[in-house]
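Asker: My structure is in data-v3.cif, and what it holds is mmCIF, C-alpha atoms:
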```
data_query
loop_
_atom_site.label_atom_id
_atom_site.label_comp_id
_atom_site.auth_asym_id
_atom_site.auth_seq_id
_atom_site.Cartn_x
_atom_site.Cartn_y
_atom_site.Cartn_z
CA MET A 7 -33.53 6.89 -20.04
CA GLN A 8 -30.37 5.87 -21.91
CA HIS A 9 -27.25 4.36 -20.33
CA TRP A 10 -23.91 4.28 -22.16
CA ASP A 11 -20.52 2.64 -21.84
CA ILE A 12 -17.94 4.46 -23.99
CA LEU A 13 -14.46 3.06 -24.53
CA LEU A 14 -11.92 5.82 -25.19
CA SER A 15 -8.51 5.50 -26.79
CA ASN A 16 -5.73 7.51 -25.09
CA GLN A 17 -5.56 9.56 -28.34
CA VAL A 18 -8.93 11.14 -27.52
CA ASN A 19 -9.09 14.54 -25.83
CA LYS A 20 -11.29 13.27 -23.01
CA LYS A 21 -11.77 16.67 -21.36
CA ALA A 22 -13.06 18.16 -24.62
CA PHE A 23 -15.41 15.20 -25.09
CA ILE A 24 -16.78 15.56 -21.54
CA ASP A 25 -17.29 19.30 -22.19
CA THR A 26 -19.48 18.49 -25.25
CA LEU A 27 -21.69 16.31 -23.05
CA LEU A 28 -21.98 18.86 -20.24
CA SER A 29 -22.49 21.89 -22.52
CA ALA A 30 -25.27 20.38 -24.67
CA GLU A 31 -23.11 19.97 -27.79
CA ALA A 32 -23.10 16.16 -28.06
CA LYS A 33 -23.63 14.66 -31.52
CA GLU A 34 -25.15 11.53 -33.01
CA GLU A 35 -26.96 9.24 -30.57
CA LEU A 36 -25.56 11.14 -27.55
CA ALA A 37 -27.47 14.29 -28.59
CA VAL A 38 -30.34 12.92 -26.45
CA PHE A 39 -28.44 14.33 -23.42
CA ASN A 40 -28.28 17.89 -24.83
CA ASN A 41 -31.44 19.11 -23.08
CA GLN A 42 -30.58 17.41 -19.79
CA LYS A 43 -28.63 18.35 -16.65
CA GLY A 44 -25.40 16.40 -16.18
CA ILE A 45 -22.67 16.15 -13.55
CA LEU A 46 -19.14 14.68 -13.72
CA PHE A 47 -17.87 11.98 -11.38
CA SER A 48 -14.07 11.67 -11.76
CA ASP A 49 -10.85 11.65 -9.75
CA ILE A 50 -10.16 15.21 -10.93
CA ALA A 51 -13.69 16.36 -9.93
CA ILE A 52 -13.11 14.81 -6.49
CA GLU A 53 -9.72 16.57 -6.15
CA LYS A 54 -11.27 19.92 -7.11
CA PHE A 55 -14.05 19.36 -4.60
CA ILE A 56 -11.52 18.58 -1.86
CA GLU A 57 -9.65 21.82 -2.67
CA LYS A 58 -12.90 23.81 -2.50
CA GLU A 59 -13.93 22.34 0.87
CA TYR A 60 -10.43 22.96 2.21
CA GLN A 61 -10.22 26.52 0.87
CA TYR A 62 -13.61 27.60 2.24
CA ASP A 63 -13.51 25.29 5.28
CA THR A 64 -16.90 23.78 4.40
CA VAL A 65 -18.39 20.29 4.55
CA GLU A 66 -20.49 19.82 1.39
CA ALA A 67 -20.01 16.28 0.10
CA SER A 68 -20.85 14.52 3.36
CA PRO A 69 -22.75 16.96 5.65
CA GLU A 70 -24.31 14.19 7.75
CA SER A 71 -20.84 12.92 8.75
CA HIS A 72 -19.50 16.47 9.43
CA ARG A 73 -16.29 15.35 7.69
CA GLN A 74 -14.52 16.91 4.74
CA LEU A 75 -14.00 14.63 1.75
CA ARG A 76 -10.20 14.63 2.17
CA THR A 77 -10.51 12.78 5.51
CA PHE A 78 -11.89 9.64 3.81
CA SER A 79 -9.86 6.83 2.16
CA SER A 80 -9.91 6.59 -1.69
CA GLY A 81 -12.76 4.08 -1.79
CA GLU A 82 -14.83 5.98 0.80
CA ARG A 83 -14.25 9.28 -1.03
CA LYS A 84 -15.77 7.85 -4.18
CA LYS A 85 -18.77 6.58 -2.22
CA GLU A 86 -19.37 9.95 -0.52
CA PHE A 87 -18.86 11.96 -3.71
CA LEU A 88 -21.33 9.70 -5.55
CA LYS A 89 -23.93 10.48 -2.85
CA TYR A 90 -23.21 14.20 -3.36
CA CYS A 91 -23.65 13.88 -7.15
CA ILE A 92 -27.00 12.07 -6.74
CA ASN A 93 -28.20 14.77 -4.31
CA GLN A 94 -27.73 17.40 -7.05
CA ASN A 95 -30.67 15.70 -8.87
CA PRO A 96 -28.95 15.42 -12.27
CA ASP A 97 -30.59 13.73 -15.28
CA PHE A 98 -27.30 11.95 -16.02
CA ILE A 99 -23.93 11.35 -14.40
CA ILE A 100 -20.69 10.94 -16.40
CA PHE A 101 -18.40 8.41 -14.71
CA ASP A 102 -14.79 8.91 -15.83
CA ASN A 103 -12.81 5.68 -15.18
CA PRO A 104 -14.62 5.20 -11.84
CA PHE A 105 -12.79 1.93 -11.09
CA ASP A 106 -9.27 3.42 -11.23
CA HIS A 107 -7.24 3.11 -8.01
CA LEU A 108 -9.83 0.82 -6.39
CA ASP A 109 -9.20 -2.64 -4.97
CA GLN A 110 -11.26 -5.60 -6.16
CA ALA A 111 -13.82 -5.51 -3.31
CA SER A 112 -14.42 -1.75 -3.81
CA ARG A 113 -14.80 -2.29 -7.58
CA VAL A 114 -17.53 -4.88 -7.02
CA LEU A 115 -19.38 -2.57 -4.58
CA LEU A 116 -19.15 0.39 -6.96
CA ALA A 117 -20.44 -1.70 -9.90
CA GLN A 118 -23.42 -2.76 -7.75
CA SER A 119 -24.10 0.90 -6.82
CA LEU A 120 -24.00 1.91 -10.50
CA GLU A 121 -26.39 -0.87 -11.49
CA LYS A 122 -28.85 0.24 -8.80
CA LEU A 123 -28.45 3.86 -9.89
CA THR A 124 -29.59 3.07 -13.47
CA ASP A 125 -33.16 2.76 -12.16
CA THR A 126 -33.33 6.49 -11.46
CA ILE A 127 -30.46 8.34 -13.25
CA ALA A 128 -28.90 7.90 -16.70
CA ILE A 129 -25.22 6.96 -16.58
CA ILE A 130 -22.46 7.49 -19.14
CA GLN A 131 -19.35 5.54 -18.20
CA LEU A 132 -16.06 6.51 -19.90
CA VAL A 133 -13.36 3.83 -19.69
CA ASN A 134 -9.98 3.05 -21.27
CA ARG A 135 -9.98 -0.72 -20.72
CA VAL A 136 -12.33 -3.24 -22.33
CA ALA A 137 -12.34 -5.14 -19.01
CA ASP A 138 -14.08 -2.18 -17.31
CA VAL A 139 -17.10 -2.18 -19.64
CA LEU A 140 -20.21 -3.04 -17.58
CA ASP A 141 -22.47 -5.92 -18.63
CA PHE A 142 -25.67 -4.22 -17.47
CA VAL A 143 -25.18 -1.09 -19.61
CA PRO A 144 -27.11 -1.63 -22.87
CA ASN A 145 -25.48 0.97 -25.18
CA LYS A 146 -21.79 0.46 -25.90
CA ALA A 147 -19.49 2.39 -28.23
CA GLN A 148 -15.86 3.20 -28.87
CA ILE A 149 -14.31 6.60 -29.64
CA LYS A 150 -10.94 6.44 -31.41
CA ASP A 151 -10.11 10.10 -32.16
CA ASN A 152 -11.18 13.71 -31.63
CA SER A 153 -14.01 13.52 -34.14
CA PHE A 154 -15.84 11.87 -31.18
CA GLU A 155 -17.54 9.53 -33.66
CA LEU A 156 -19.13 6.46 -32.11
CA HIS A 157 -17.94 3.05 -33.38
CA PRO A 158 -18.79 -0.48 -32.27
CA ILE A 159 -16.35 -1.79 -29.62
CA SER A 160 -13.73 -4.01 -31.20
CA LYS A 161 -12.19 -6.40 -28.71
CA THR A 162 -8.58 -6.52 -29.79
CA GLU A 163 -6.46 -9.31 -28.41
CA ASN A 164 -3.38 -8.10 -26.55
CA HIS A 165 -0.15 -9.39 -28.05
CA PHE A 166 2.20 -9.32 -25.08
CA LYS A 167 5.64 -9.74 -26.56
CA THR A 168 9.17 -8.96 -25.51
CA LEU A 169 10.68 -5.95 -27.21
CA ASN A 170 13.74 -7.37 -28.90
CA THR A 171 14.88 -4.85 -31.49
CA SER A 172 18.18 -4.63 -29.64
CA ALA A 173 19.68 -5.52 -26.29
CA ILE A 174 19.10 -3.19 -23.36
CA PRO A 175 22.08 -0.81 -23.10
CA LYS A 176 24.43 -1.29 -20.17
CA ALA A 177 24.86 1.38 -17.50
CA ILE A 178 27.73 3.85 -17.99
CA GLU A 179 28.95 3.23 -14.45
CA ALA A 180 28.45 -0.01 -12.57
CA HIS A 181 26.61 0.37 -9.27
CA ASN A 182 28.63 0.23 -6.09
CA PHE A 183 26.04 -1.90 -4.30
CA HIS A 184 26.80 -5.60 -4.69
CA GLU A 185 25.02 -7.34 -1.81
CA SER A 186 22.18 -9.73 -2.59
CA VAL A 187 19.70 -8.21 -0.08
CA LEU A 188 18.45 -4.74 -1.09
CA ILE A 189 15.65 -4.14 1.42
CA LYS A 190 15.00 -5.88 4.71
CA MET A 191 12.21 -5.16 7.18
CA GLU A 192 12.01 -7.03 10.47
CA ASN A 193 8.81 -6.45 12.48
CA VAL A 194 8.44 -2.87 11.23
CA SER A 195 5.35 -0.96 12.42
CA VAL A 196 4.09 2.54 11.59
CA SER A 197 1.47 4.55 13.50
CA TYR A 198 -0.01 8.03 12.98
CA ASP A 199 -1.89 9.75 15.83
CA ASP A 200 -2.11 6.48 17.80
CA ARG A 201 -3.61 4.69 14.78
CA LYS A 202 -1.45 1.82 13.56
CA ILE A 203 -1.17 1.70 9.76
CA VAL A 204 1.11 -1.35 9.38
CA ASP A 205 1.91 -3.87 12.09
CA ASN A 206 5.06 -6.02 12.40
CA ILE A 207 5.92 -6.14 8.70
CA SER A 208 8.77 -8.49 7.79
CA TRP A 209 9.83 -8.51 4.15
CA THR A 210 13.09 -9.03 2.26
CA ILE A 211 13.69 -7.91 -1.34
CA LYS A 212 16.74 -9.44 -3.02
CA GLN A 213 18.62 -8.54 -6.17
CA GLY A 214 16.93 -9.63 -9.41
CA GLU A 215 13.52 -10.33 -7.86
CA PHE A 216 10.23 -9.12 -9.34
CA TRP A 217 7.67 -8.34 -6.60
CA GLN A 218 4.11 -7.10 -6.89
CA LEU A 219 2.80 -5.26 -3.82
CA ILE A 220 -0.97 -5.59 -3.44
CA GLY A 221 -3.56 -4.74 -0.81
CA PRO A 222 -6.89 -2.94 -0.55
CA ASN A 223 -7.25 0.85 -0.42
CA GLY A 224 -5.94 2.24 2.86
CA ALA A 225 -3.91 -0.91 3.65
CA GLY A 226 -0.62 1.03 3.82
CA LYS A 227 1.01 0.48 0.41
CA SER A 228 2.11 4.13 0.22
CA THR A 229 3.50 3.89 3.77
CA ILE A 230 5.59 0.83 2.81
CA LEU A 231 6.91 2.62 -0.31
CA SER A 232 7.86 5.70 1.73
CA LEU A 233 9.86 3.45 4.12
CA ILE A 234 11.72 1.85 1.20
CA THR A 235 12.58 5.19 -0.45
CA GLY A 236 13.86 6.58 2.88
CA ASP A 237 11.27 9.37 2.92
CA ASN A 238 9.39 8.19 6.00
CA PRO A 239 10.96 9.30 9.31
CA LYS A 240 9.00 6.52 11.06
CA GLY A 241 11.68 4.11 9.82
CA PHE A 242 14.22 5.47 12.36
CA GLY A 243 14.95 3.21 15.29
CA GLN A 244 13.40 0.15 13.62
CA ASN A 245 14.90 -2.93 12.01
CA LEU A 246 14.72 -1.41 8.55
CA PHE A 247 17.75 -2.05 6.35
CA LEU A 248 18.04 -0.15 3.08
CA PHE A 249 20.83 -1.22 0.72
CA GLY A 250 23.01 -2.70 3.47
CA ARG A 251 22.59 0.06 6.04
CA LYS A 252 20.21 0.33 8.97
CA LYS A 253 17.88 3.32 8.65
CA GLY A 254 19.31 6.13 10.76
CA SER A 255 22.91 4.92 10.74
CA GLY A 256 24.20 8.11 9.14
CA GLU A 257 23.09 7.56 5.54
CA SER A 258 21.54 10.48 3.64
CA VAL A 259 18.25 10.22 1.77
CA TRP A 260 20.35 10.82 -1.36
CA ASP A 261 22.44 7.69 -0.60
CA ILE A 262 19.19 5.70 -0.69
CA LYS A 263 17.64 7.49 -3.67
CA LYS A 264 20.59 6.87 -5.97
CA GLN A 265 19.98 3.13 -5.60
CA ILE A 266 16.35 3.45 -6.73
CA GLY A 267 14.64 4.26 -10.02
CA ILE A 268 11.04 5.28 -9.49
CA PHE A 269 7.97 5.85 -11.62
CA THR A 270 4.67 7.29 -10.37
CA THR A 271 1.85 8.55 -12.60
CA SER A 272 2.09 12.01 -10.97
CA MET A 273 5.62 12.42 -12.43
CA THR A 274 4.10 13.11 -15.87
CA ASP A 275 2.85 16.48 -14.58
CA LEU A 276 6.43 17.57 -13.77
CA PHE A 277 7.46 17.49 -17.44
CA GLN A 278 5.27 20.21 -18.90
CA LYS A 279 7.96 22.35 -20.58
CA ASN A 280 9.03 22.16 -24.24
CA HIS A 281 11.61 19.40 -23.85
CA SER A 282 11.82 16.77 -26.54
CA LEU A 283 11.44 13.06 -25.77
CA GLU A 284 15.24 12.64 -26.13
CA GLN A 285 16.01 15.55 -23.75
CA MET A 286 13.50 14.29 -21.18
CA ILE A 287 15.13 10.83 -21.05
CA LEU A 288 18.65 12.32 -21.03
CA SER A 289 17.70 14.38 -17.95
CA GLY A 290 17.58 11.07 -16.04
CA PHE A 291 21.40 11.00 -16.08
CA PHE A 292 21.39 14.27 -14.10
CA ASP A 293 18.31 13.60 -11.93
CA SER A 294 16.83 16.89 -13.13
CA ILE A 295 13.34 17.78 -14.34
CA GLY A 296 14.36 18.73 -17.87
CA LEU A 297 17.81 18.92 -19.46
CA TYR A 298 20.11 21.72 -18.29
CA ASN A 299 23.49 19.99 -18.73
CA GLN A 300 25.31 19.15 -21.93
CA PRO A 301 25.11 15.35 -22.26
CA SER A 302 28.18 13.39 -23.32
CA ALA A 303 28.35 11.50 -26.62
CA LEU A 304 28.09 8.22 -24.67
CA GLN A 305 24.97 9.37 -22.78
CA THR A 306 23.32 10.41 -26.06
CA LYS A 307 24.25 7.05 -27.62
CA ILE A 308 22.72 5.13 -24.69
CA VAL A 309 19.45 7.08 -24.98
CA ASP A 310 19.46 6.31 -28.73
CA GLN A 311 19.82 2.61 -27.93
CA TRP A 312 16.94 2.80 -25.44
CA LEU A 313 14.75 4.55 -28.02
CA GLU A 314 15.50 1.61 -30.35
CA VAL A 315 14.44 -0.85 -27.62
CA ILE A 316 11.08 0.90 -27.11
CA GLU A 317 10.66 1.47 -30.86
CA MET A 318 10.34 5.25 -30.47
CA ASN A 319 13.50 6.50 -32.20
CA HIS A 320 11.42 8.26 -34.86
CA LEU A 321 9.84 10.36 -32.07
CA LYS A 322 13.03 11.51 -30.33
CA LYS A 323 12.73 15.18 -31.40
CA LYS A 324 8.99 15.32 -30.68
CA ARG A 325 7.89 17.33 -27.65
CA PHE A 326 7.31 15.08 -24.67
CA THR A 327 3.94 16.77 -23.99
CA GLU A 328 2.73 15.80 -27.49
CA LEU A 329 3.26 12.07 -27.02
CA SER A 330 0.40 9.72 -26.15
CA VAL A 331 -0.06 8.97 -22.45
CA GLY A 332 1.31 5.44 -22.97
CA GLN A 333 4.40 6.73 -24.79
CA GLN A 334 5.01 9.23 -21.96
CA ARG A 335 4.79 6.44 -19.37
CA VAL A 336 7.23 4.21 -21.29
CA ALA A 337 9.66 7.13 -21.65
CA LEU A 338 9.50 7.93 -17.92
CA ILE A 339 10.15 4.27 -17.05
CA VAL A 340 13.18 4.28 -19.37
CA ARG A 341 14.37 7.49 -17.65
CA ALA A 342 14.09 5.67 -14.30
CA VAL A 343 16.24 2.71 -15.47
CA LEU A 344 18.93 4.56 -17.45
CA LYS A 345 21.53 4.05 -14.71
CA HIS A 346 20.45 0.46 -13.95
CA PRO A 347 19.58 1.16 -10.30
CA PRO A 348 19.46 -1.95 -8.10
CA LEU A 349 15.73 -1.34 -7.42
CA LEU A 350 13.01 -0.10 -9.79
CA ILE A 351 9.69 0.98 -8.19
CA LEU A 352 6.68 1.20 -10.51
CA ASP A 353 3.63 2.68 -8.75
CA GLU A 354 0.46 1.91 -10.74
CA PRO A 355 2.20 2.44 -14.10
CA VAL A 356 -0.77 1.38 -16.26
CA GLU A 357 -3.58 3.23 -14.43
CA GLY A 358 -5.60 5.33 -16.90
CA LEU A 359 -4.08 3.72 -20.01
CA ASP A 360 -6.01 2.08 -22.82
CA ASP A 361 -5.37 -1.58 -23.65
CA GLU A 362 -2.89 -0.80 -26.44
CA ASN A 363 -0.75 1.40 -24.19
CA VAL A 364 -0.98 -1.07 -21.28
CA ASP A 365 0.48 -3.62 -23.69
CA LEU A 366 3.37 -1.24 -24.50
CA VAL A 367 4.24 -0.65 -20.82
CA ILE A 368 4.03 -4.35 -19.93
CA GLN A 369 6.32 -5.25 -22.84
CA LEU A 370 8.91 -2.83 -21.45
CA ILE A 371 8.64 -4.17 -17.87
CA ASN A 372 9.00 -7.76 -19.10
CA THR A 373 12.04 -6.79 -21.16
CA ILE A 374 13.71 -5.08 -18.17
CA LYS A 375 13.01 -8.19 -16.09
CA GLN A 376 14.51 -10.55 -18.66
CA GLU A 377 17.50 -8.49 -19.76
CA THR A 378 18.80 -6.95 -16.51
CA ASN A 379 19.47 -7.85 -12.89
CA MET A 380 17.36 -4.98 -11.53
CA SER A 381 14.83 -5.84 -8.83
CA ILE A 382 11.34 -4.62 -9.69
CA LEU A 383 8.67 -3.60 -7.19
CA TYR A 384 5.36 -3.23 -9.04
CA VAL A 385 2.43 -1.69 -7.15
CA SER A 386 -1.08 -2.20 -8.53
CA HIS A 387 -4.54 -3.47 -7.65
CA ARG A 388 -4.93 -5.20 -10.98
CA ILE A 389 -3.25 -8.45 -11.92
CA GLU A 390 -2.26 -7.92 -15.57
CA SER A 391 -2.43 -11.04 -17.73
CA GLY A 392 0.81 -10.32 -19.61
CA LEU A 393 2.87 -9.56 -16.51
CA ALA A 394 4.52 -12.29 -14.46
CA PRO A 395 5.91 -11.15 -11.08
CA THR A 396 7.95 -13.90 -9.44
CA SER A 397 6.66 -12.92 -5.98
CA VAL A 398 3.61 -11.21 -4.45
CA PHE A 399 3.52 -9.40 -1.09
CA GLU A 400 0.03 -8.65 0.23
CA LEU A 401 -1.04 -6.19 2.91
CA LEU A 402 -4.07 -7.40 4.87
CA PRO A 403 -5.89 -4.74 6.94
CA LYS A 404 -6.65 -5.55 10.59
CA SER A 405 -8.05 -3.33 13.34
CA THR A 406 -4.53 -3.25 14.84
CA GLY A 407 -2.89 -2.22 11.54
CA SER A 408 -2.21 -4.12 8.30
CA ILE A 409 -0.13 -7.26 8.45
CA GLY A 410 2.04 -8.46 5.59
CA LYS A 411 1.84 -11.85 3.95
CA ILE A 412 3.95 -13.37 1.19
CA LYS A 413 1.23 -14.65 -1.11
CA TYR A 414 3.63 -16.19 -3.60
CA HIS A 415 7.40 -16.30 -3.76
CA SER A 416 9.63 -17.96 -6.30
CA GLU A 417 13.23 -18.23 -5.11
CA LEU A 418 15.74 -17.33 -7.79
CA ASN A 419 18.12 -20.01 -8.96
#
```
Written as C-alpha cells, how would this file's structure read?
Answerer:
Amino acid sequence: MQHWDILLSNQVNKKAFIDTLLSAEAKEELAVFNNQKGILFSDIAIEKFIEKEYQYDTVEASPESHRQLRTFSSGERKKEFLKYCINQNPDFIIFDNPFDHLDQASRVLLAQSLEKLTDTIAIIQLVNRVADVLDFVPNKAQIKDNSFELHPISKTENHFKTLNTSAIPKAIEAHNFHESVLIKMENVSVSYDDRKIVDNISWTIKQGEFWQLIGPNGAGKSTILSLITGDNPKGFGQNLFLFGRKKGSGESVWDIKKQIGIFTTSMTDLFQKNHSLEQMILSGFFDSIGLYNQPSALQTKIVDQWLEVIEMNHLKKKRFTELSVGQQRVALIVRAVLKHPPLLILDEPVEGLDDENVDLVIQLINTIKQETNMSILYVSHRIESGLAPTSVFELLPKSTGSIGKIKYHSELN
C-alpha cells in the first residue's frame, strides 16, 4: 500500500490531475493506483454531496445521526464525509487540501485521523502549501505544470518584501468619513432559533488599524462580518455603530457598503466572462461585476498605476479567467481598494494558494498597510509569517455563545 503527499503549484490543472487518478490513467510511480478503486475527499465533493442530499431529501453521509451533511459545522462535515468515504471501501482516497478552512485544533484531529487511516487505506494528499505536507507520509513529490511529472519537493524560502515599484495611487475622491472610530460594538449578541452564536461582543475598530479576526470553526466569524457589513438584521436595536451611525438610525446598506472594500474567495466565481484584467479592476470604480461604463482617463491612469504596484502591467489585456489563482486574488484585492475605502475586509484571502502566490498576496497587504490609512480586517485561521497585524481579536466558543477577547492590540501613535 503506497501513501503519497503531492505538492501542487497553482499553475496545475488540479481537476484534470485528479481525473487521471480516478480514471486509471495515472503515469510514472502513480500508475500503481490504476487498477484500484479511488474516491475524492474535497470541499467541492462535500458541496456536491450536500446538494444531492438536499435535492433528493436523503441522509447518506451520516445515516446513524439522521442528519443531512449541511446541518454540521465545517469541521464536523469533514469528519462525517470522511466516514462516508471509508464506508465505500475504496482502495485509496484522494485528499484535496483537507486542512483548508479548518482551525488549528481541527487540523490536528484530522492529521491524526489520516495517520490512523494509513493502516487500512492508501492516501494521496494534494496540497498547495509546503507546511501542509504530512511527516508520516513516506512518498513525497511536487507537480509544477500540466505534464503532471513528479519532481522532488523543493522547499523555497519565502521572500516577503514590500512592493515598491511606485507609490500607491491616491483615491480620485477623498472619503467623506473622517472620524477615528469606524466600527464600535458594545455588548452585541446574536442568536438564531434560541441558540446564541455570539455573546456580549465589545470591539472597536479605528482608522488605520490592522486587525486579524481569529476563532475556531463555528465560533461566529461570519456572523461578526455580516454585522460589520450591515447585512445582518440582528444588528438592529443593539449598540452597534457603523461609520458614526447607530445601526437602524435610517442609514441604508449602501451607505455602509460604500465605506468598505471587501474580498472573499467566492468573488472569483463572479468574474467568469471575457473581461481583461484591466477591465475587471476598472469595474471597481462602478461597483459592477464587469465593465459596462466608459472609464475616464484618470480612472484608467489610476488602474495603470496599480498594475505597476503589483507588477502586472504586462498582463493588463489578458483575460482575467486566464490568470493564475494568485494573480486573480491580487487583482480582486486591488479592485476592493481602488477608492481607498476606510475599511478593507479580507476573508481568507490566501486559502487554496501555493506558497509563491501567498507571498504575492501578503506583499500587497503589507504595502496597503504601510502606504495608506485604510483599516484592514483580515480573517484567517492561519497566522502567516510574513504578515504583521497590529491587533488580534479572538472569538472563544462557550455553551452560551462565543465571547470576544482582544488577544493583542497595539495602539497607534
Asker: Could you spell out the hits of the PyMOL selection byres ((chain A and resi 384-386) around 10) on the shown file, as a PyMOL selection string?
Answerer: chain A and resi 107-109+216-222+227-228+231+269-270+350-357+371+381-383+387-390+395+398-399
Asker: As an exercise, work out the distance from CA of Asp106 in chain A to CA of Val133 in chain A in Å and give it to one decimal place.
Answerer: 9.4 Å
Asker: Counting only C-alpha atoms, find the residues whose atoms lie at most 6 Å from (-0.3, -5.5, 9.8) (file coordinates) and write them out as a list in words.
Answerer: Val204, Asp205, Asn206, Gly407, Ser408, Ile409 and Gly410 of chain A
Asker: Could you check the closest approach to Gln244 in chain A for each of A:Ala225, A:Ile230, A:Val259, A:Val196 and tell me which residue wins, using all atoms listed in the file?
Answerer: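 Among A:Ala225, A:Ile230, A:Val259, A:Val196, it is A:Val196 that comes nearest to Gln244 in chain A.
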Asker: Applied to the shown file, which residues does the PyMOL selection byres ((chain A and resi 127) around 12) return, written as number ranges by chain?
Answerer: A: 7-10, 39, 42-45, 91-100, 119-126, 128-130
Asker: Using only C-alpha atoms, which residue out of A:Arg335, A:His157, A:Lys413, A:Arg113 lies closest to Lys85 in chain A?
Answerer: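 Selected residue with least distance to Lys85 in chain A: A:Arg113.
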Asker: Rounded to one decimal, what separation in Å do you get between CA of Ser282 in chain A and CA of Thr327 in chain A?
Answerer: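 Answer for the CA of Ser282 in chain A to CA of Thr327 in chain A separation: 8.3 Å.
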Asker: Might you spell out which residues the PyMOL selection byres ((chain A and resi 32) around 12) would select in the displayed file, as a compact mmCIF listing (two decimals) with C-alpha atoms, in the frame of the given file?
Answerer:
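Just written: out-v6.txt:
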```
# COMPACT_ATOMS: atom_id res chain seq x y z
CA ALA A 22 -13.06 18.16 -24.62
CA PHE A 23 -15.41 15.20 -25.09
CA ILE A 24 -16.78 15.56 -21.54
CA ASP A 25 -17.29 19.30 -22.19
CA THR A 26 -19.48 18.49 -25.25
CA LEU A 27 -21.69 16.31 -23.05
CA LEU A 28 -21.98 18.86 -20.24
CA SER A 29 -22.49 21.89 -22.52
CA ALA A 30 -25.27 20.38 -24.67
CA GLU A 31 -23.11 19.97 -27.79
CA LYS A 33 -23.63 14.66 -31.52
CA GLU A 34 -25.15 11.53 -33.01
CA GLU A 35 -26.96 9.24 -30.57
CA LEU A 36 -25.56 11.14 -27.55
CA ALA A 37 -27.47 14.29 -28.59
CA VAL A 38 -30.34 12.92 -26.45
CA PHE A 39 -28.44 14.33 -23.42
CA ASN A 40 -28.28 17.89 -24.83
CA ASN A 41 -31.44 19.11 -23.08
CA GLN A 42 -30.58 17.41 -19.79
CA SER A 153 -14.01 13.52 -34.14
CA PHE A 154 -15.84 11.87 -31.18
CA GLU A 155 -17.54 9.53 -33.66
CA LEU A 156 -19.13 6.46 -32.11
```
Asker: Find the smallest box with edges along x, y and z containing every listed atom of range 135-140 of chain A, then add 4 Å on each side and report centre and edge lengths in Å to one decimal, as JSON.
Answerer:
```
{"center_x": -15.1, "center_y": -2.9, "center_z": -19.8, "size_x": 18.2, "size_y": 12.4, "size_z": 13.0}
```
Asker: To one decimal place in Å, what is the distance between CA of Arg341 in chain A and CA of Leu313 in chain A?
Answerer: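 Value for the CA of Arg341 in chain A-CA of Leu313 in chain A distance: 10.8 Å.
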Asker: Which residues of range 75-98 of chain A come within 8 Å of range 49-71 of chain A, and for each one, what is the closest pair of atoms and their distance in Å to one decimal, counting only C-alpha atoms, sorted by chain and residue number, as a tab-separated table?
Answerer:
```
residue	atom	partner	partner_atom	distance
A:Leu75	CA	A:Ile56	CA	5.9
A:Arg76	CA	A:Ile56	CA	5.8
A:Arg83	CA	A:Ile52	CA	7.9
A:Lys84	CA	A:Ile52	CA	7.8
A:Glu86	CA	A:Ser68	CA	6.2
A:Phe87	CA	A:Ala67	CA	5.9
A:Lys89	CA	A:Ala67	CA	7.6
A:Tyr90	CA	A:Ala67	CA	5.2
```
Asker: Please produce a file of the residues just selected, as a compact mmCIF listing (two decimals), in the frame of the given file, where the atoms kept are C-alpha atoms.
Answerer:
```txt
# COMPACT_ATOMS: atom_id res chain seq x y z
CA LEU A 75 -14.00 14.63 1.75
CA ARG A 76 -10.20 14.63 2.17
CA ARG A 83 -14.25 9.28 -1.03
CA LYS A 84 -15.77 7.85 -4.18
CA GLU A 86 -19.37 9.95 -0.52
CA PHE A 87 -18.86 11.96 -3.71
CA LYS A 89 -23.93 10.48 -2.85
CA TYR A 90 -23.21 14.20 -3.36
```
Asker: Tell me which protein, DNA and RNA residues are within 9 Å of Leu366 in chain A, counting only C-alpha atoms, leaving out same-chain ones fewer than 5 positions away, and put them as a list in words.
Answerer: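 Neighbouring residues, sequence-local ones excluded: Phe166, Ile316, Gly332, Gln333, Val336, Asp361 and Ile371 of chain A.
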Asker: Any idea what's packed within 10 Å of Phe326 in chain A, counting only C-alpha atoms, ignoring anything in its chain fewer than 6 positions away? Could you give it as a compact mmCIF listing (two decimals) with C-alpha atoms, in the coordinates of the input?
Answerer:
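Writing the result to around.txt gives the following:
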```
# COMPACT_ATOMS: atom_id res chain seq x y z
CA THR A 274 4.10 13.11 -15.87
CA PHE A 277 7.46 17.49 -17.44
CA GLN A 278 5.27 20.21 -18.90
CA LYS A 279 7.96 22.35 -20.58
CA ASN A 280 9.03 22.16 -24.24
CA HIS A 281 11.61 19.40 -23.85
CA SER A 282 11.82 16.77 -26.54
CA LEU A 283 11.44 13.06 -25.77
CA GLU A 284 15.24 12.64 -26.13
CA GLN A 285 16.01 15.55 -23.75
CA MET A 286 13.50 14.29 -21.18
CA ILE A 287 15.13 10.83 -21.05
CA GLN A 333 4.40 6.73 -24.79
CA GLN A 334 5.01 9.23 -21.96
CA ALA A 337 9.66 7.13 -21.65
```
Asker: Using only C-alpha atoms, which residue out of A:Lys323, A:Trp209, A:Leu88, A:Pro348 lies closest to Glu185 in chain A?
Answerer: A:Pro348
Asker: Could you check which of A:Ile266, A:Ile207, A:Leu233, A:Val139 is closest to Leu402 in chain A, using only C-alpha atoms?
Answerer: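 Looking at the shortest contact to Leu402 in chain A, the residue is A:Ile207.
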Asker: Using only C-alpha atoms, which residue out of A:Gly392, A:Asn134, A:Ile368, A:Ile374 lies closest to Ala173 in chain A?
Answerer: A:Ile374
Asker: Please determine the residues with any atom at most 10 Å from (23.7, 8.5, -24.0) (coordinates as given in the file, with all atoms listed in the file counting) and report them as a list in words.
Answerer: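 Residues found, by chain and rising number: Pro175, Ala177, Ile178, Glu284, Ile287, Leu288, Phe291, Pro301, Ser302, Ala303, Leu304, Gln305, Thr306, Lys307, Ile308, Val309, Asp310, Gln311, Trp312 and Leu344 of chain A.
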Asker: Out of A:Leu188, A:Val114, A:Leu393, A:Val194, which residue has the shortest atom-to-atom distance to Thr373 in chain A when counting all atoms listed in the file?
Answerer: A:Leu393
